[in-house]
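Structure file target_3.cif (mmCIF, C-alpha atoms) is printed below.
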```cif
data_data
loop_
_atom_site.label_atom_id
_atom_site.label_comp_id
_atom_site.auth_asym_id
_atom_site.auth_seq_id
_atom_site.Cartn_x
_atom_site.Cartn_y
_atom_site.Cartn_z
CA MET A 1 107.94 85.52 116.12
CA ASP A 2 106.91 82.85 113.65
CA LYS A 3 103.99 84.32 111.71
CA THR A 4 102.82 80.85 110.69
CA LYS A 5 102.25 79.83 114.33
CA ASP A 6 100.96 83.05 115.87
CA THR A 7 97.46 83.78 114.55
CA GLU A 8 97.44 87.50 115.34
CA SER A 9 100.83 88.11 113.70
CA ARG A 10 99.83 86.08 110.65
CA LEU A 11 96.57 88.02 110.19
CA ILE A 12 98.41 91.34 110.44
CA TYR A 13 100.95 90.12 107.89
CA GLU A 14 98.24 88.96 105.48
CA ALA A 15 96.25 92.20 105.84
CA ASN A 16 99.34 94.30 105.12
CA PHE A 17 100.35 92.10 102.18
CA PHE A 18 96.99 92.41 100.42
CA ASP A 19 96.60 96.09 101.32
CA GLU A 20 99.90 96.72 99.53
CA ARG A 21 98.66 94.73 96.51
CA ILE A 22 95.56 96.93 96.36
CA GLU A 23 97.63 100.13 96.65
CA GLN A 24 99.80 99.01 93.74
CA SER A 25 96.71 98.43 91.58
CA GLN A 26 94.78 101.25 90.00
CA PHE A 27 91.02 100.80 89.83
CA SER A 28 89.12 103.27 87.70
CA GLU A 29 85.35 103.50 87.96
CA ASN A 30 85.11 101.71 84.62
CA ASP A 31 87.17 98.81 86.04
CA LEU A 32 84.54 98.32 88.74
CA ILE A 33 81.49 98.29 86.49
CA PHE A 34 79.85 94.87 86.27
CA LYS A 35 80.10 93.46 82.78
CA PRO A 36 77.95 90.34 82.10
CA SER A 37 79.93 87.40 80.79
CA PRO A 38 79.10 83.91 79.47
CA ILE A 39 81.01 82.54 82.45
CA ASP A 40 78.40 83.98 84.84
CA SER A 41 75.92 81.19 84.14
CA LYS A 42 78.69 78.60 84.53
CA ILE A 43 79.51 79.97 87.98
CA LEU A 44 75.85 79.97 89.02
CA ASN A 45 75.36 76.41 87.75
CA PHE A 46 78.56 75.30 89.41
CA LEU A 47 77.36 76.69 92.75
CA LYS A 48 73.91 75.16 92.09
CA ILE A 49 72.25 78.53 92.49
CA ASP A 50 68.64 78.92 91.37
CA ILE A 51 68.21 82.59 90.40
CA ASN A 52 64.54 82.32 91.32
CA GLN A 53 65.55 81.93 94.97
CA SER A 54 67.31 84.42 97.20
CA TYR A 55 70.16 82.68 98.99
CA LYS A 56 72.12 84.12 101.88
CA ILE A 57 75.75 83.79 100.79
CA LEU A 58 79.07 84.39 102.54
CA ASP A 59 81.92 85.37 100.21
CA CYS A 60 85.14 84.61 102.11
CA GLY A 61 88.31 86.40 101.08
CA CYS A 62 86.19 88.51 98.74
CA GLY A 63 89.14 90.54 97.45
CA THR A 64 87.83 93.45 95.37
CA GLY A 65 84.30 92.08 95.32
CA LYS A 66 83.85 90.69 91.80
CA SER A 67 82.08 87.52 92.95
CA SER A 68 80.06 89.41 95.56
CA VAL A 69 78.68 91.84 92.98
CA LEU A 70 78.04 89.06 90.48
CA LEU A 71 75.97 87.15 93.03
CA ALA A 72 74.16 90.29 94.17
CA LYS A 73 73.30 91.14 90.56
CA TYR A 74 71.48 87.82 90.38
CA GLY A 75 69.43 88.58 93.47
CA MET A 76 71.52 87.01 96.20
CA ASN A 77 72.01 88.50 99.67
CA VAL A 78 75.80 88.59 100.09
CA SER A 79 78.01 89.06 103.12
CA ALA A 80 81.54 89.77 101.87
CA ILE A 81 84.54 89.46 104.16
CA ASP A 82 88.27 89.96 103.75
CA ILE A 83 91.21 90.47 106.07
CA SER A 84 92.37 93.43 103.96
CA PRO A 85 90.66 96.77 104.79
CA LYS A 86 91.59 98.21 101.39
CA SER A 87 90.01 95.23 99.63
CA ILE A 88 86.81 95.86 101.56
CA GLU A 89 86.90 99.52 100.51
CA ILE A 90 87.03 98.49 96.84
CA THR A 91 84.28 95.90 97.36
CA ARG A 92 81.99 98.55 98.86
CA LYS A 93 82.79 100.95 96.03
CA ARG A 94 82.17 98.23 93.42
CA ALA A 95 78.81 97.42 95.03
CA GLU A 96 77.80 101.10 95.05
CA ILE A 97 78.79 101.69 91.43
CA ASN A 98 76.77 98.64 90.37
CA GLN A 99 73.77 99.65 92.51
CA VAL A 100 73.79 96.53 94.69
CA ALA A 101 75.09 98.12 97.90
CA ASP A 102 71.86 97.14 99.65
CA CYS A 103 72.58 93.48 98.82
CA VAL A 104 76.30 93.40 99.69
CA GLU A 105 77.46 93.82 103.28
CA ALA A 106 81.27 94.07 103.22
CA ARG A 107 83.26 93.76 106.43
CA VAL A 108 86.87 93.31 107.50
CA MET A 109 86.90 89.88 109.09
CA ALA A 110 89.03 86.76 109.41
CA LEU A 111 87.71 83.38 108.32
CA GLU A 112 89.04 81.93 111.58
CA ASN A 113 86.69 84.13 113.62
CA LEU A 114 83.40 84.65 111.79
CA GLN A 115 81.23 87.21 113.54
CA TYR A 116 77.95 85.59 112.54
CA ASN A 117 75.44 83.43 114.36
CA ASP A 118 75.28 79.67 113.92
CA ASN A 119 73.31 78.41 110.89
CA THR A 120 73.32 81.75 109.06
CA PHE A 121 74.28 81.00 105.44
CA ASP A 122 72.87 78.82 102.69
CA ILE A 123 76.11 78.90 100.71
CA ILE A 124 79.69 79.86 101.50
CA VAL A 125 82.15 80.55 98.71
CA GLY A 126 85.88 81.21 98.83
CA GLU A 127 88.47 81.90 96.16
CA MET A 128 92.06 81.14 97.19
CA VAL A 129 91.42 81.80 100.88
CA LEU A 130 91.89 78.56 102.84
CA HIS A 131 95.57 78.24 102.01
CA HIS A 132 96.14 81.63 103.68
CA ALA A 133 94.23 80.71 106.84
CA ASP A 134 94.41 78.48 109.89
CA LEU A 135 92.74 75.46 108.32
CA GLU A 136 91.24 73.85 111.42
CA LYS A 137 89.76 77.07 112.81
CA SER A 138 88.47 78.15 109.39
CA ILE A 139 86.71 74.87 108.61
CA ASN A 140 85.14 74.71 112.06
CA GLU A 141 83.84 78.27 111.66
CA THR A 142 82.61 77.53 108.14
CA ILE A 143 80.59 74.56 109.34
CA ARG A 144 79.26 76.49 112.32
CA VAL A 145 77.74 79.33 110.27
CA LEU A 146 76.36 77.08 107.50
CA LYS A 147 72.69 76.25 107.67
CA PRO A 148 71.77 72.54 107.83
CA GLY A 149 71.73 71.36 104.23
CA GLY A 150 74.01 74.22 103.24
CA ARG A 151 77.31 73.91 101.40
CA ALA A 152 80.69 75.62 101.25
CA VAL A 153 82.69 75.69 98.03
CA PHE A 154 86.35 76.72 98.00
CA ARG A 155 88.68 77.00 95.01
CA GLU A 156 92.24 76.58 96.22
CA THR A 157 95.84 76.20 95.13
CA ASN A 158 96.60 72.48 94.89
CA ALA A 159 99.92 71.17 96.21
CA GLN A 160 99.82 67.78 94.45
CA ASN A 161 101.66 68.81 91.28
CA LYS A 162 105.30 68.82 92.39
CA ILE A 163 106.47 70.42 89.14
CA LEU A 164 104.24 73.44 89.60
CA MET A 165 105.08 73.67 93.30
CA LEU A 166 108.80 73.59 92.51
CA ALA A 167 108.41 76.25 89.83
CA ARG A 168 106.32 78.30 92.23
CA SER A 169 109.06 78.10 94.84
CA LEU A 170 112.17 78.51 92.68
CA LEU A 171 111.11 80.63 89.70
CA THR A 172 108.58 83.22 90.87
CA GLY A 173 110.26 86.44 91.85
CA ARG A 174 113.26 85.61 89.63
CA PHE A 175 114.11 85.90 85.93
CA GLY A 176 111.38 88.49 85.45
CA ILE A 177 108.66 86.07 86.56
CA PRO A 178 106.14 87.81 88.84
CA LYS A 179 105.77 86.69 92.44
CA LEU A 180 102.15 86.99 93.47
CA ARG A 181 102.17 84.76 96.54
CA ASP A 182 103.07 85.80 100.07
CA GLU A 183 105.66 84.12 102.28
CA ILE A 184 103.43 82.13 104.61
CA GLU A 185 100.63 80.69 102.49
CA ASN A 186 100.39 76.91 102.17
CA PRO A 187 98.81 75.27 99.08
CA ILE A 188 96.35 72.53 99.98
CA SER A 189 98.00 69.13 100.39
CA LYS A 190 96.66 65.59 100.75
CA LYS A 191 97.20 65.94 104.50
CA ASP A 192 95.07 69.08 104.51
CA ILE A 193 92.26 67.30 102.65
CA LYS A 194 92.31 64.53 105.23
CA LYS A 195 92.08 67.14 107.99
CA ILE A 196 89.13 68.87 106.32
CA THR A 197 87.40 65.52 105.80
CA LYS A 198 87.86 64.65 109.47
CA ILE A 199 86.58 68.00 110.73
CA SER A 200 83.55 67.84 108.42
CA LYS A 201 82.85 64.26 109.50
CA GLY A 202 83.35 62.95 106.01
CA LYS A 203 81.18 65.55 104.30
CA CYS A 204 83.97 66.80 102.08
CA THR A 205 84.38 66.14 98.37
CA CYS A 206 87.16 67.32 96.09
CA PHE A 207 87.07 67.69 92.34
CA TYR A 208 88.52 69.72 89.50
CA PHE A 209 86.44 72.24 87.58
CA SER A 210 89.11 72.44 84.88
CA PHE A 211 92.77 71.56 84.40
CA HIS A 212 95.33 74.28 85.10
CA PHE A 213 98.88 73.45 84.11
CA PHE A 214 100.04 74.79 80.75
CA LYS A 215 98.01 77.97 81.14
CA MET A 216 99.85 78.63 84.40
CA LEU A 217 103.19 78.28 82.63
CA HIS A 218 102.01 80.73 79.99
CA PHE A 219 100.92 83.20 82.66
CA TYR A 220 104.13 83.08 84.68
CA ILE A 221 106.78 82.52 82.02
CA PHE A 222 105.29 84.31 79.00
CA LYS A 223 103.20 86.79 81.04
CA SER A 224 100.13 85.99 78.90
CA LYS A 225 101.56 88.02 76.02
CA PHE A 226 101.17 85.54 73.17
CA LYS A 227 97.55 84.90 72.28
CA ALA A 228 98.29 82.08 69.83
CA LEU A 229 100.45 80.29 72.41
CA GLN A 230 97.83 80.89 75.06
CA LYS A 231 95.22 79.22 72.87
CA ILE A 232 97.49 76.20 72.34
CA PHE A 233 98.15 75.87 76.07
CA ASN A 234 94.45 76.23 76.90
CA ASN A 235 93.61 73.52 74.38
CA LEU A 236 96.24 71.22 75.90
CA ASP A 237 94.77 71.73 79.35
CA ASN A 238 91.25 71.11 78.07
CA MET A 239 92.30 67.93 76.28
CA ILE A 240 94.00 66.56 79.39
CA TYR A 241 90.92 67.33 81.48
CA LYS A 242 88.61 65.62 78.99
CA TYR A 243 90.64 62.63 77.85
CA ILE A 244 93.07 61.87 80.69
CA PRO A 245 90.94 62.27 83.83
CA PHE A 246 93.45 60.57 86.16
CA LEU A 247 95.74 63.57 85.61
CA ARG A 248 93.16 66.05 86.89
CA LYS A 249 94.48 65.72 90.44
CA TYR A 250 97.65 67.46 89.27
CA SER A 251 95.81 70.63 88.32
CA TYR A 252 97.08 73.84 89.89
CA THR A 253 93.65 74.41 91.43
CA ILE A 254 91.32 72.14 93.37
CA ILE A 255 87.65 72.54 94.35
CA ILE A 256 86.80 71.63 97.94
CA GLN A 257 83.12 71.26 98.78
CA ILE A 258 81.84 70.83 102.33
CA SER A 259 78.23 70.07 103.13
CA LYS A 260 76.30 70.23 106.39
#
```
Do you think you could lay out the structure here as structure tokens?
Amino acid sequence: MDKTKDTESRLIYEANFFDERIEQSQFSENDLIFKPSPIDSKILNFLKIDINQSYKILDCGCGTGKSSVLLAKYGMNVSAIDISPKSIEITRKRAEINQVADCVEARVMALENLQYNDNTFDIIVGEMVLHHADLEKSINETIRVLKPGGRAVFRETNAQNKILMLARSLLTGRFGIPKLRDEIENPISKKDIKKITKISKGKCTCFYFSFHFFKMLHFYIFKSKFKALQKIFNNLDNMIYKYIPFLRKYSYTIIIQISK
């Protein structure tokens, strides 16, 4: 059976894939302790979150719950979902260790079938989740559970840079380069953006929070081992983002924002 066409088979495949990833990782209690970072304020500003208000937020594809705990630490009411039961276990444990379990409800759930009422959430966030899901079902469900005036923000793998896509296809899993992707995910293409725009009735905007190209090469090819080289690559990416804006669309990641 083609996992890409049969929703149930695909969800089982994805759950097993990410459960195995979690089993291969070792999380100590110290790993799960929330550590404030300068990037926290950037994330909150990016999501246009006022810490003086308590938003109801859905964290889609929450993974091990880093974003969920961050948001809960700043007073948000977070519903965290993931298709991987083991990811949800870690999310719950992370929330307990950081004393925000009362603010983080973590459940095993697919984005294509959100078990929430219409108009429930002020903000929906997702990190690398849409390109694993049935796009049409997921966007329709996202819009359904958003409150009027609410917004959904997804950070996704961008398919527009053919060099990175070719390297992703031909190099990962070979020559000692790690393969972190599964076999059925689909980076977001121009066609996908058009589909999202149509479903959202034009209320979709795409932009690039930063430029990811050279830093991806450093991660995959040099395994982030050389700090001096990493700094050079980061500076190159930052310069491209700042001074050559027409190249931003070739970043490895894209931000998709949907409003209601």
- Message: Please determine, counting all atoms listed in the file, which residue among A:Lys73, A:Lys162, A:Lys203, A:Lys195 has the shortest atom-to-atom distance to A:Asp40.
- Response: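 Distance minimum relative to A:Asp40 lands on A:Lys73.
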- Message: Expand the PyMOL selection byres ((chain A and resi 11) around 10) into the explicit residue set it covers here, and present it as a PyMOL selection string.
- Response: chain A and resi 3-4+6-10+12-17+83-84+109-110+112+132-134
- Name the residues in contact with A:Asp122 at a cut-off of 10 Å, using all atoms listed in the file, excluding same-chain residues fewer than 3 positions from it; report them as a PyMOL selection string. chain A and resi 54-58+119+145-152+260
- Taking the file above as input, evaluate the PyMOL selection byres ((chain A and resi 252) around 6) and report the hits as a ChimeraX atom specification. /A:157-158,212,251,253
- Message: Quick one: residues within 9 Å of stretch 198-201 of chain A, only C-alpha atoms, excluding same-chain residues fewer than 5 positions away - as a list in words?
- Response: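 The contact residues come out as Glu136, Ile139, Asn140, Ile143, Ile193, Ile258, Ser259 and Lys260 of chain A.
For the pair atom CA of A:Leu70 and atom CA of A:Arg92, the separation is 13.3 Å.
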- Query: atom CA of A:Lys42 and atom CA of A:Phe27, how far apart in Å?
  - Reply: 25.9 Å
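The residues caught by the PyMOL selection byres ((chain A and resi 91) around 10) in this file are A:Leu32, A:Cys62, A:Gly63, A:Thr64, A:Gly65, A:Lys66, A:Ser67, A:Ser68, A:Val69, A:Ala80, A:Ile81, A:Asp82, A:Pro85, A:Lys86, A:Ser87, A:Ile88, A:Glu89, A:Ile90, A:Arg92, A:Lys93, A:Arg94, A:Ala95, A:Glu96, A:Ile97, A:Ala101, A:Val104, A:Glu105, A:Ala106, A:Arg107.
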- At what distance in Å, to one decimal, does atom CA of A:Lys231 lie from atom CA of A:Val125? 29.0 Å
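The closest residue to A:Asp102, picked from A:Gln115, A:Gln53, A:Ser79, A:Thr120 and counting all atoms listed in the file, is A:Ser79.
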- Message: My list of candidates is A:Ile196, A:Ile256, A:Met165, A:Leu47. Which is closest to A:Phe213 when distances are computed with all atoms listed in the file?
- Response: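 Among A:Ile196, A:Ile256, A:Met165, A:Leu47, it is A:Met165 that comes nearest to A:Phe213.
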- With only C-alpha atoms counted, which protein, DNA or RNA residues have an atom no more than 12 Å from (97.5, 79.1, 72.9) in the file frame? Please answer as a PyMOL selection string. chain A and resi 214-219+222+224-238
Output the selection as a PDB file, in the coordinates of the input - C-alpha atoms for each residue.
```pdb
ATOM      1  CA  PHE A 214     100.040  74.790  80.750  1.00  0.00           C
ATOM      2  CA  LYS A 215      98.010  77.970  81.140  1.00  0.00           C
ATOM      3  CA  MET A 216      99.850  78.630  84.400  1.00  0.00           C
ATOM      4  CA  LEU A 217     103.190  78.280  82.630  1.00  0.00           C
ATOM      5  CA  HIS A 218     102.010  80.730  79.990  1.00  0.00           C
ATOM      6  CA  PHE A 219     100.920  83.200  82.660  1.00  0.00           C
ATOM      7  CA  PHE A 222     105.290  84.310  79.000  1.00  0.00           C
ATOM      8  CA  SER A 224     100.130  85.990  78.900  1.00  0.00           C
ATOM      9  CA  LYS A 225     101.560  88.020  76.020  1.00  0.00           C
ATOM     10  CA  PHE A 226     101.170  85.540  73.170  1.00  0.00           C
ATOM     11  CA  LYS A 227      97.550  84.900  72.280  1.00  0.00           C
ATOM     12  CA  ALA A 228      98.290  82.080  69.830  1.00  0.00           C
ATOM     13  CA  LEU A 229     100.450  80.290  72.410  1.00  0.00           C
ATOM     14  CA  GLN A 230      97.830  80.890  75.060  1.00  0.00           C
ATOM     15  CA  LYS A 231      95.220  79.220  72.870  1.00  0.00           C
ATOM     16  CA  ILE A 232      97.490  76.200  72.340  1.00  0.00           C
ATOM     17  CA  PHE A 233      98.150  75.870  76.070  1.00  0.00           C
ATOM     18  CA  ASN A 234      94.450  76.230  76.900  1.00  0.00           C
ATOM     19  CA  ASN A 235      93.610  73.520  74.380  1.00  0.00           C
ATOM     20  CA  LEU A 236      96.240  71.220  75.900  1.00  0.00           C
ATOM     21  CA  ASP A 237      94.770  71.730  79.350  1.00  0.00           C
ATOM     22  CA  ASN A 238      91.250  71.110  78.070  1.00  0.00           C
TER      23      ASN A 238
END
```
